[in-house]
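Participant: Sharing a structure below in structure tokens format, with a few things to ask.
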Amino acid sequence: MVSRSDKKHNKKKRKWVRWVVGIVLGLFLLIGGYVFYLWNEVGATIETMHNPLARDDDPDRQKQIQSIFSDNDSLNALLLGVDERSGDKGRSDTMILMSINPKTNEIIMLSIPRDTYVNIPGRGMDKINHAYAFGGVDLSVQTVEETFNLPVHVYARVNMEGFKQGIDALGGVTINNSMAFSSGGNTFPEGQISLNGDQALDYIRMRYEDPRGDMGRNERQRNVIAAAMNEAASFSSITKVGEILTILGDNVQTDLDMKKIQTLFTDYAGARRNITTMEINGSGETIGGVWYYIVPDEEFSRITSDITAHMEAK
């Protein structure tokens, strides 16, 4: 026979269990609701960022790109860092061709000097960064493809102001600086240094004090981008997610949709740990009173061969 005290004890126990279950369920609902909110926000941000090129309407191209992502094949991405001013379309301040091979988990990053003398389709010989001013991302992609005889499968265009904000949202980046210098009111000592957004922008823009000119500038750009990729991959601050999504939506355009971005993060992300950098060897020459970076045909051929071999490696 159960005593009155035992009944009272069991009643209190059931009440305690109900409280615990209620709290746990409440937490799950809150977490689930927040995850659902974040998922919707991510989707909305990517929809804002998504800006296909005119050629992406071609069914054959759509099938080719879909096959690359489905089979986890190598792909080439053109990264454009653009300075936009009021009333001015702007020019591509940064051009990097990134070739990603998920089979070997390796990336090649080729910085393209903005003064490189090339044929811009429909415009003739000019500096490669002028392609953006003449025809936006479409013409920039076409110019890079024809110059290097390599396919550009996807692109990302970043407003440099957004790049600065993104570095701040990640909490900064840490890089190894090979040469001490000052730029934009900031001093950058030799060795390992941490950079906030403003500092990172000044760091990658300096070139006149660098004995290597654009080559040194391009190397700094690659180092900061690689550091930012690593920070983003290990980023864990939930409270900053909303801020980062806002920065991305306001400052980034890409032809990548939600599914392709997910595939990059799941199947291609390991390649960020093995980044090889390439430089274009050429020389400066003044033509018609304008300074250009002249690259020999054999140098273009070397780059094409090296990146093709990288893409085909298993």
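Lettering and numbering for the structure tokens are positional, with chains as A, B, ... in the shown order, residues counted from 1 in each chain, and ligands counted from 1 in the shown order.
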With only C-alpha atoms counted and 12 Å as the cut-off, give the residues of region 138-247 of chain A in contact with region 63-70 of chain A, each with its shortest interatomic distance in Å and the pair that gives it, as CSV.

Facilitator:
```
residue,atom,partner,partner_atom,distance
A:Pro151,CA,A:Ile65,CA,11.1
A:Val152,CA,A:Ile65,CA,10.4
A:His153,CA,A:Ile65,CA,6.9
A:Val154,CA,A:Ile65,CA,8.7
```

Participant: Take the residues from that selection and write them out as a compact mmCIF listing (two decimals), in the first residue's frame, keeping N, CA, C and O atoms.

Facilitator:
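So the final result, stored in again.txt, reads:
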```txt
# COMPACT_ATOMS: atom_id res chain seq x y z
N PRO A 151 39.01 28.40 -68.96
CA PRO A 151 37.61 28.70 -68.65
C PRO A 151 37.48 29.36 -67.28
O PRO A 151 38.22 29.04 -66.35
N VAL A 152 36.56 30.28 -67.16
CA VAL A 152 36.16 30.83 -65.87
C VAL A 152 34.76 30.31 -65.61
O VAL A 152 33.81 30.67 -66.31
N HIS A 153 34.63 29.45 -64.61
CA HIS A 153 33.35 28.79 -64.37
C HIS A 153 32.41 29.63 -63.52
O HIS A 153 31.19 29.63 -63.73
N VAL A 154 32.98 30.34 -62.52
CA VAL A 154 32.16 31.17 -61.63
C VAL A 154 32.93 32.45 -61.30
O VAL A 154 34.14 32.53 -61.52
```

Participant: I need the residues in region 67-233 of chain A that are strand (DSSP E or B) according to DSSP; give them as number ranges by chain.

Facilitator: A: 75-85, 88-101, 106-111, 116-120, 124-127, 154-159, 173-177, 181-183, 186-188, 191-195

Participant: Compare A:Phe181, A:Gln142, A:Glu312, A:Glu285 by their minimum atom-to-atom distance to Ala54 (chain A), counting only C-alpha atoms, and give me the closest one.

Facilitator: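 Ranked by minimum distance to Ala54 (chain A), first place goes to A:Gln142.
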
Participant: Counting only C-alpha atoms, what is within 9 Å of Gln165 (chain A), bar same-chain residues fewer than 2 positions away, as a VMD selection string?

Facilitator: chain A and resid 160 to 163 167 to 170 196 to 198 244 247

Participant: Write the selection just made, keeping N, CA, C and O atoms, as a compact mmCIF listing (two decimals), in the first residue's frame?

Facilitator:
```txt
# COMPACT_ATOMS: atom_id res chain seq x y z
N MET A 160 35.29 46.84 -52.44
CA MET A 160 36.40 46.87 -51.49
C MET A 160 35.99 47.42 -50.13
O MET A 160 36.56 47.07 -49.10
N GLU A 161 34.98 48.29 -50.09
CA GLU A 161 34.47 48.76 -48.80
C GLU A 161 33.86 47.60 -48.02
O GLU A 161 34.03 47.48 -46.82
N GLY A 162 33.17 46.73 -48.73
CA GLY A 162 32.61 45.54 -48.10
C GLY A 162 33.68 44.58 -47.63
O GLY A 162 33.52 43.89 -46.61
N PHE A 163 34.78 44.50 -48.38
CA PHE A 163 35.91 43.66 -47.98
C PHE A 163 36.43 44.11 -46.62
O PHE A 163 36.68 43.30 -45.72
N ILE A 167 36.32 41.90 -43.04
CA ILE A 167 37.48 41.60 -42.20
C ILE A 167 37.18 41.97 -40.74
O ILE A 167 37.49 41.21 -39.81
N ASP A 168 36.55 43.11 -40.54
CA ASP A 168 36.19 43.54 -39.18
C ASP A 168 35.20 42.56 -38.55
O ASP A 168 35.32 42.20 -37.37
N ALA A 169 34.20 42.13 -39.32
CA ALA A 169 33.19 41.21 -38.79
C ALA A 169 33.79 39.87 -38.39
O ALA A 169 33.33 39.22 -37.45
N LEU A 170 34.86 39.45 -39.10
CA LEU A 170 35.54 38.20 -38.75
C LEU A 170 36.46 38.35 -37.55
O LEU A 170 37.00 37.37 -37.06
N ASN A 196 43.00 44.82 -38.79
CA ASN A 196 41.55 45.03 -38.86
C ASN A 196 41.18 45.42 -40.29
O ASN A 196 42.03 45.42 -41.18
N GLY A 197 39.93 45.78 -40.51
CA GLY A 197 39.49 46.06 -41.87
C GLY A 197 40.21 47.21 -42.53
O GLY A 197 40.69 47.09 -43.68
N ASP A 198 40.31 48.35 -41.83
CA ASP A 198 41.01 49.52 -42.39
C ASP A 198 42.47 49.21 -42.70
O ASP A 198 43.00 49.57 -43.75
N ILE A 244 27.38 39.72 -40.76
CA ILE A 244 28.12 39.24 -41.92
C ILE A 244 27.20 39.07 -43.13
O ILE A 244 27.56 39.42 -44.25
N ILE A 247 26.59 42.45 -44.65
CA ILE A 247 27.77 42.91 -45.39
C ILE A 247 27.86 42.20 -46.74
O ILE A 247 28.08 42.83 -47.78
```

Participant: Could you check which of A:Ile96, A:Ala156, A:Val173, A:Ile112 is closest to Ala228 (chain A), using only C-alpha atoms?

Facilitator: A:Val173

Participant: Could you pull out the alpha helix (DSSP H) residues of region 54-244 of chain A, going by DSSP on the backbone, and write them as number ranges by chain?

Facilitator: A: 59-71, 130-148, 160-169, 197-205, 214-233, 241-244

Participant: So which one's closest to Ala44 (chain A), A:Val290, A:Ala313, A:Leu248, A:Leu79? Using only C-alpha atoms, please.

Facilitator: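 Counting only C-alpha atoms, the residue closest to Ala44 (chain A) is A:Leu248.
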
Participant: Got a sec: who's within 12 Å of Asp267 (chain A), counting only C-alpha atoms, leaving out chain neighbours fewer than 4 positions off, as a ChimeraX atom specification?

Facilitator: /A:68-74,100-105,259-263,271-272

Participant: Take the residues that were just selected and, keeping C-alpha atoms, output them as a PDB file, in the first residue's frame.

Facilitator:
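Heads up, here's the output in again-v9.pdb:
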```
ATOM      1  CA  ILE A  68      31.247  20.167 -62.504  1.00  0.00           C
ATOM      2  CA  PHE A  69      29.600  20.658 -59.114  1.00  0.00           C
ATOM      3  CA  SER A  70      27.855  17.270 -59.160  1.00  0.00           C
ATOM      4  CA  ASP A  71      31.086  15.411 -59.964  1.00  0.00           C
ATOM      5  CA  ASN A  72      33.287  17.645 -57.750  1.00  0.00           C
ATOM      6  CA  ASP A  73      35.523  18.490 -60.679  1.00  0.00           C
ATOM      7  CA  SER A  74      38.078  21.290 -60.756  1.00  0.00           C
ATOM      8  CA  ILE A 100      40.298  24.817 -57.126  1.00  0.00           C
ATOM      9  CA  ASN A 101      40.934  21.088 -57.433  1.00  0.00           C
ATOM     10  CA  PRO A 102      38.939  19.121 -54.810  1.00  0.00           C
ATOM     11  CA  LYS A 103      40.472  15.817 -55.954  1.00  0.00           C
ATOM     12  CA  THR A 104      43.958  16.899 -54.838  1.00  0.00           C
ATOM     13  CA  ASN A 105      42.665  19.442 -52.298  1.00  0.00           C
ATOM     14  CA  LYS A 259      23.152  24.869 -53.779  1.00  0.00           C
ATOM     15  CA  LYS A 260      26.528  25.607 -55.393  1.00  0.00           C
ATOM     16  CA  ILE A 261      27.682  27.637 -52.381  1.00  0.00           C
ATOM     17  CA  GLN A 262      26.732  24.733 -50.112  1.00  0.00           C
ATOM     18  CA  THR A 263      28.769  22.381 -52.329  1.00  0.00           C
ATOM     19  CA  ALA A 271      41.600  22.820 -50.641  1.00  0.00           C
ATOM     20  CA  ARG A 272      42.076  26.106 -48.744  1.00  0.00           C
TER      21      ARG A 272
END
```

Participant: Under the rule that only C-alpha atoms are counted, which of A:Glu299, A:Ile294, A:Met258, A:Glu231 is the nearest residue to Asn119 (chain A)?

Facilitator: A:Ile294

Participant: Please, what distance in Å, to one decimal, runs between CA of Glu190 (chain A) and CA of Asp202 (chain A)?

Facilitator: 15.4 Å

Participant: Restricting the calculation to only C-alpha atoms: of A:Arg222, A:Lys127, A:Lys164, A:Arg157, which residue gets closest to Met278 (chain A)?

Facilitator: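 Of the candidates, the smallest distance to Met278 (chain A) is held by A:Arg222.
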
Participant: Using only C-alpha atoms, which protein or nucleic acid residues come within 12 Å of Met179 (chain A)? Drop anything in the same chain fewer than 6 positions from it, and give the result as a PDB file with N, CA and C atoms, in the first residue's frame.

Facilitator:
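Now in selection13.pdb:
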```pdb
ATOM      1  N   THR A 187      51.249  51.627 -39.762  1.00  0.00           N
ATOM      2  CA  THR A 187      52.604  51.083 -39.858  1.00  0.00           C
ATOM      3  C   THR A 187      52.528  49.569 -39.762  1.00  0.00           C
ATOM      4  N   PHE A 188      53.203  48.895 -40.684  1.00  0.00           N
ATOM      5  CA  PHE A 188      53.166  47.439 -40.748  1.00  0.00           C
ATOM      6  C   PHE A 188      54.573  46.886 -40.563  1.00  0.00           C
ATOM      7  N   PRO A 189      54.915  46.421 -39.348  1.00  0.00           N
ATOM      8  CA  PRO A 189      56.254  45.882 -39.098  1.00  0.00           C
ATOM      9  C   PRO A 189      56.432  44.519 -39.771  1.00  0.00           C
ATOM     10  N   GLU A 190      57.659  44.123 -39.927  1.00  0.00           N
ATOM     11  CA  GLU A 190      57.954  42.808 -40.495  1.00  0.00           C
ATOM     12  C   GLU A 190      57.591  41.726 -39.491  1.00  0.00           C
ATOM     13  N   GLY A 191      57.127  40.588 -39.987  1.00  0.00           N
ATOM     14  CA  GLY A 191      56.770  39.473 -39.110  1.00  0.00           C
ATOM     15  C   GLY A 191      55.268  39.258 -39.052  1.00  0.00           C
ATOM     16  N   GLN A 192      54.831  38.516 -38.050  1.00  0.00           N
ATOM     17  CA  GLN A 192      53.406  38.207 -37.905  1.00  0.00           C
ATOM     18  C   GLN A 192      52.656  39.431 -37.378  1.00  0.00           C
ATOM     19  N   ILE A 193      51.617  39.842 -38.088  1.00  0.00           N
ATOM     20  CA  ILE A 193      50.840  41.006 -37.675  1.00  0.00           C
ATOM     21  C   ILE A 193      49.353  40.695 -37.812  1.00  0.00           C
ATOM     22  N   TYR A 203      46.943  47.816 -46.313  1.00  0.00           N
ATOM     23  CA  TYR A 203      48.025  46.849 -46.496  1.00  0.00           C
ATOM     24  C   TYR A 203      48.046  46.306 -47.926  1.00  0.00           C
ATOM     25  N   MET A 206      48.954  49.262 -50.944  1.00  0.00           N
ATOM     26  CA  MET A 206      50.252  49.910 -51.112  1.00  0.00           C
ATOM     27  C   MET A 206      51.047  49.219 -52.212  1.00  0.00           C
ATOM     28  N   ARG A 207      51.635  50.036 -53.125  1.00  0.00           N
ATOM     29  CA  ARG A 207      52.510  49.443 -54.137  1.00  0.00           C
ATOM     30  C   ARG A 207      53.690  50.344 -54.490  1.00  0.00           C
ATOM     31  N   GLU A 209      55.758  52.086 -52.614  1.00  0.00           N
ATOM     32  CA  GLU A 209      56.930  51.924 -51.761  1.00  0.00           C
ATOM     33  C   GLU A 209      57.507  50.518 -51.862  1.00  0.00           C
ATOM     34  N   ASP A 210      56.811  49.643 -52.550  1.00  0.00           N
ATOM     35  CA  ASP A 210      57.264  48.257 -52.671  1.00  0.00           C
ATOM     36  C   ASP A 210      58.233  48.137 -53.843  1.00  0.00           C
ATOM     37  N   PRO A 211      59.446  47.641 -53.609  1.00  0.00           N
ATOM     38  CA  PRO A 211      60.413  47.500 -54.714  1.00  0.00           C
ATOM     39  C   PRO A 211      59.911  46.564 -55.807  1.00  0.00           C
ATOM     40  N   ARG A 212      58.935  45.721 -55.485  1.00  0.00           N
ATOM     41  CA  ARG A 212      58.384  44.812 -56.488  1.00  0.00           C
ATOM     42  C   ARG A 212      57.119  45.370 -57.142  1.00  0.00           C
ATOM     43  N   GLY A 216      54.516  42.819 -55.590  1.00  0.00           N
ATOM     44  CA  GLY A 216      54.460  42.802 -54.129  1.00  0.00           C
ATOM     45  C   GLY A 216      53.050  43.043 -53.635  1.00  0.00           C
ATOM     46  N   ARG A 217      52.362  43.958 -54.281  1.00  0.00           N
ATOM     47  CA  ARG A 217      50.970  44.269 -53.920  1.00  0.00           C
ATOM     48  C   ARG A 217      50.085  43.039 -54.112  1.00  0.00           C
ATOM     49  N   GLU A 219      50.981  39.929 -54.059  1.00  0.00           N
ATOM     50  CA  GLU A 219      51.303  38.914 -53.044  1.00  0.00           C
ATOM     51  C   GLU A 219      50.591  39.216 -51.733  1.00  0.00           C
ATOM     52  N   ARG A 220      50.568  40.493 -51.347  1.00  0.00           N
ATOM     53  CA  ARG A 220      49.866  40.859 -50.116  1.00  0.00           C
ATOM     54  C   ARG A 220      48.368  40.588 -50.237  1.00  0.00           C
TER      55      ARG A 220
END
```

Participant: Quick one: residues within 9 Å of Leu150 (chain A), only C-alpha atoms counted, chain neighbours fewer than 2 positions away excluded, as a ChimeraX atom specification?

Facilitator: /A:76,144-148,152,304,307-308

Participant: For the residues selected in the previous step, produce a file with all heavy atoms as a PDB file, in the first residue's frame.

Facilitator:
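What ended up in part23.pdb:
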```
ATOM      1  N   ASN A  76      37.406  26.975 -61.966  1.00  0.00           N
ATOM      2  CA  ASN A  76      38.122  28.249 -61.894  1.00  0.00           C
ATOM      3  C   ASN A  76      37.156  29.362 -61.525  1.00  0.00           C
ATOM      4  O   ASN A  76      36.072  29.467 -62.112  1.00  0.00           O
ATOM      5  CB  ASN A  76      38.784  28.577 -63.234  1.00  0.00           C
ATOM      6  CG  ASN A  76      39.829  27.556 -63.627  1.00  0.00           C
ATOM      7  OD1 ASN A  76      40.463  26.936 -62.772  1.00  0.00           O
ATOM      8  ND2 ASN A  76      40.028  27.378 -64.921  1.00  0.00           N
ATOM      9  N   VAL A 144      39.582  37.680 -69.388  1.00  0.00           N
ATOM     10  CA  VAL A 144      40.476  36.738 -68.697  1.00  0.00           C
ATOM     11  C   VAL A 144      40.486  35.397 -69.415  1.00  0.00           C
ATOM     12  O   VAL A 144      41.544  34.786 -69.613  1.00  0.00           O
ATOM     13  CB  VAL A 144      40.052  36.584 -67.224  1.00  0.00           C
ATOM     14  CG1 VAL A 144      40.791  35.416 -66.566  1.00  0.00           C
ATOM     15  CG2 VAL A 144      40.315  37.877 -66.452  1.00  0.00           C
ATOM     16  N   GLU A 145      39.326  34.910 -69.825  1.00  0.00           N
ATOM     17  CA  GLU A 145      39.260  33.623 -70.529  1.00  0.00           C
ATOM     18  C   GLU A 145      40.077  33.655 -71.823  1.00  0.00           C
ATOM     19  O   GLU A 145      40.823  32.715 -72.114  1.00  0.00           O
ATOM     20  CB  GLU A 145      37.803  33.276 -70.841  1.00  0.00           C
ATOM     21  CG  GLU A 145      37.000  32.832 -69.634  1.00  0.00           C
ATOM     22  CD  GLU A 145      35.635  32.286 -70.009  1.00  0.00           C
ATOM     23  OE1 GLU A 145      35.037  32.819 -70.977  1.00  0.00           O
ATOM     24  OE2 GLU A 145      35.163  31.346 -69.344  1.00  0.00           O
ATOM     25  N   GLU A 146      39.923  34.716 -72.594  1.00  0.00           N
ATOM     26  CA  GLU A 146      40.618  34.788 -73.873  1.00  0.00           C
ATOM     27  C   GLU A 146      42.107  35.067 -73.701  1.00  0.00           C
ATOM     28  O   GLU A 146      42.928  34.580 -74.481  1.00  0.00           O
ATOM     29  CB  GLU A 146      39.965  35.860 -74.755  1.00  0.00           C
ATOM     30  CG  GLU A 146      38.543  35.498 -75.167  1.00  0.00           C
ATOM     31  CD  GLU A 146      37.972  36.440 -76.212  1.00  0.00           C
ATOM     32  OE1 GLU A 146      38.732  37.252 -76.779  1.00  0.00           O
ATOM     33  OE2 GLU A 146      36.755  36.357 -76.467  1.00  0.00           O
ATOM     34  N   THR A 147      42.465  35.823 -72.672  1.00  0.00           N
ATOM     35  CA  THR A 147      43.880  36.130 -72.436  1.00  0.00           C
ATOM     36  C   THR A 147      44.665  34.884 -72.043  1.00  0.00           C
ATOM     37  O   THR A 147      45.784  34.654 -72.532  1.00  0.00           O
ATOM     38  CB  THR A 147      44.023  37.196 -71.331  1.00  0.00           C
ATOM     39  OG1 THR A 147      43.403  38.416 -71.773  1.00  0.00           O
ATOM     40  CG2 THR A 147      45.483  37.463 -71.006  1.00  0.00           C
ATOM     41  N   PHE A 148      44.087  34.067 -71.167  1.00  0.00           N
ATOM     42  CA  PHE A 148      44.811  32.912 -70.629  1.00  0.00           C
ATOM     43  C   PHE A 148      44.375  31.592 -71.261  1.00  0.00           C
ATOM     44  O   PHE A 148      44.919  30.539 -70.898  1.00  0.00           O
ATOM     45  CB  PHE A 148      44.636  32.844 -69.107  1.00  0.00           C
ATOM     46  CG  PHE A 148      45.244  34.004 -68.384  1.00  0.00           C
ATOM     47  CD1 PHE A 148      44.469  35.094 -68.016  1.00  0.00           C
ATOM     48  CD2 PHE A 148      46.598  34.042 -68.108  1.00  0.00           C
ATOM     49  CE1 PHE A 148      45.025  36.185 -67.361  1.00  0.00           C
ATOM     50  CE2 PHE A 148      47.173  35.118 -67.454  1.00  0.00           C
ATOM     51  CZ  PHE A 148      46.379  36.202 -67.088  1.00  0.00           C
ATOM     52  N   VAL A 152      36.559  30.282 -67.159  1.00  0.00           N
ATOM     53  CA  VAL A 152      36.162  30.833 -65.868  1.00  0.00           C
ATOM     54  C   VAL A 152      34.757  30.309 -65.608  1.00  0.00           C
ATOM     55  O   VAL A 152      33.810  30.669 -66.308  1.00  0.00           O
ATOM     56  CB  VAL A 152      36.176  32.378 -65.867  1.00  0.00           C
ATOM     57  CG1 VAL A 152      35.582  32.917 -64.560  1.00  0.00           C
ATOM     58  CG2 VAL A 152      37.595  32.900 -66.058  1.00  0.00           C
ATOM     59  N   THR A 304      48.913  29.078 -68.643  1.00  0.00           N
ATOM     60  CA  THR A 304      47.843  28.213 -69.129  1.00  0.00           C
ATOM     61  C   THR A 304      48.172  26.747 -68.899  1.00  0.00           C
ATOM     62  O   THR A 304      47.341  25.976 -68.402  1.00  0.00           O
ATOM     63  CB  THR A 304      47.593  28.453 -70.632  1.00  0.00           C
ATOM     64  OG1 THR A 304      47.255  29.828 -70.844  1.00  0.00           O
ATOM     65  CG2 THR A 304      46.465  27.563 -71.144  1.00  0.00           C
ATOM     66  N   ILE A 307      48.135  25.815 -64.975  1.00  0.00           N
ATOM     67  CA  ILE A 307      46.801  25.747 -64.384  1.00  0.00           C
ATOM     68  C   ILE A 307      46.013  24.582 -64.967  1.00  0.00           C
ATOM     69  O   ILE A 307      45.277  23.878 -64.252  1.00  0.00           O
ATOM     70  CB  ILE A 307      46.047  27.077 -64.577  1.00  0.00           C
ATOM     71  CG1 ILE A 307      46.709  28.167 -63.744  1.00  0.00           C
ATOM     72  CG2 ILE A 307      44.572  26.933 -64.170  1.00  0.00           C
ATOM     73  CD1 ILE A 307      46.046  29.534 -63.819  1.00  0.00           C
ATOM     74  N   THR A 308      46.187  24.305 -66.271  1.00  0.00           N
ATOM     75  CA  THR A 308      45.522  23.154 -66.885  1.00  0.00           C
ATOM     76  C   THR A 308      45.985  21.852 -66.237  1.00  0.00           C
ATOM     77  O   THR A 308      45.165  20.963 -65.937  1.00  0.00           O
ATOM     78  CB  THR A 308      45.796  23.111 -68.408  1.00  0.00           C
ATOM     79  OG1 THR A 308      45.300  24.309 -69.006  1.00  0.00           O
ATOM     80  CG2 THR A 308      45.137  21.907 -69.042  1.00  0.00           C
TER      81      THR A 308
END
```
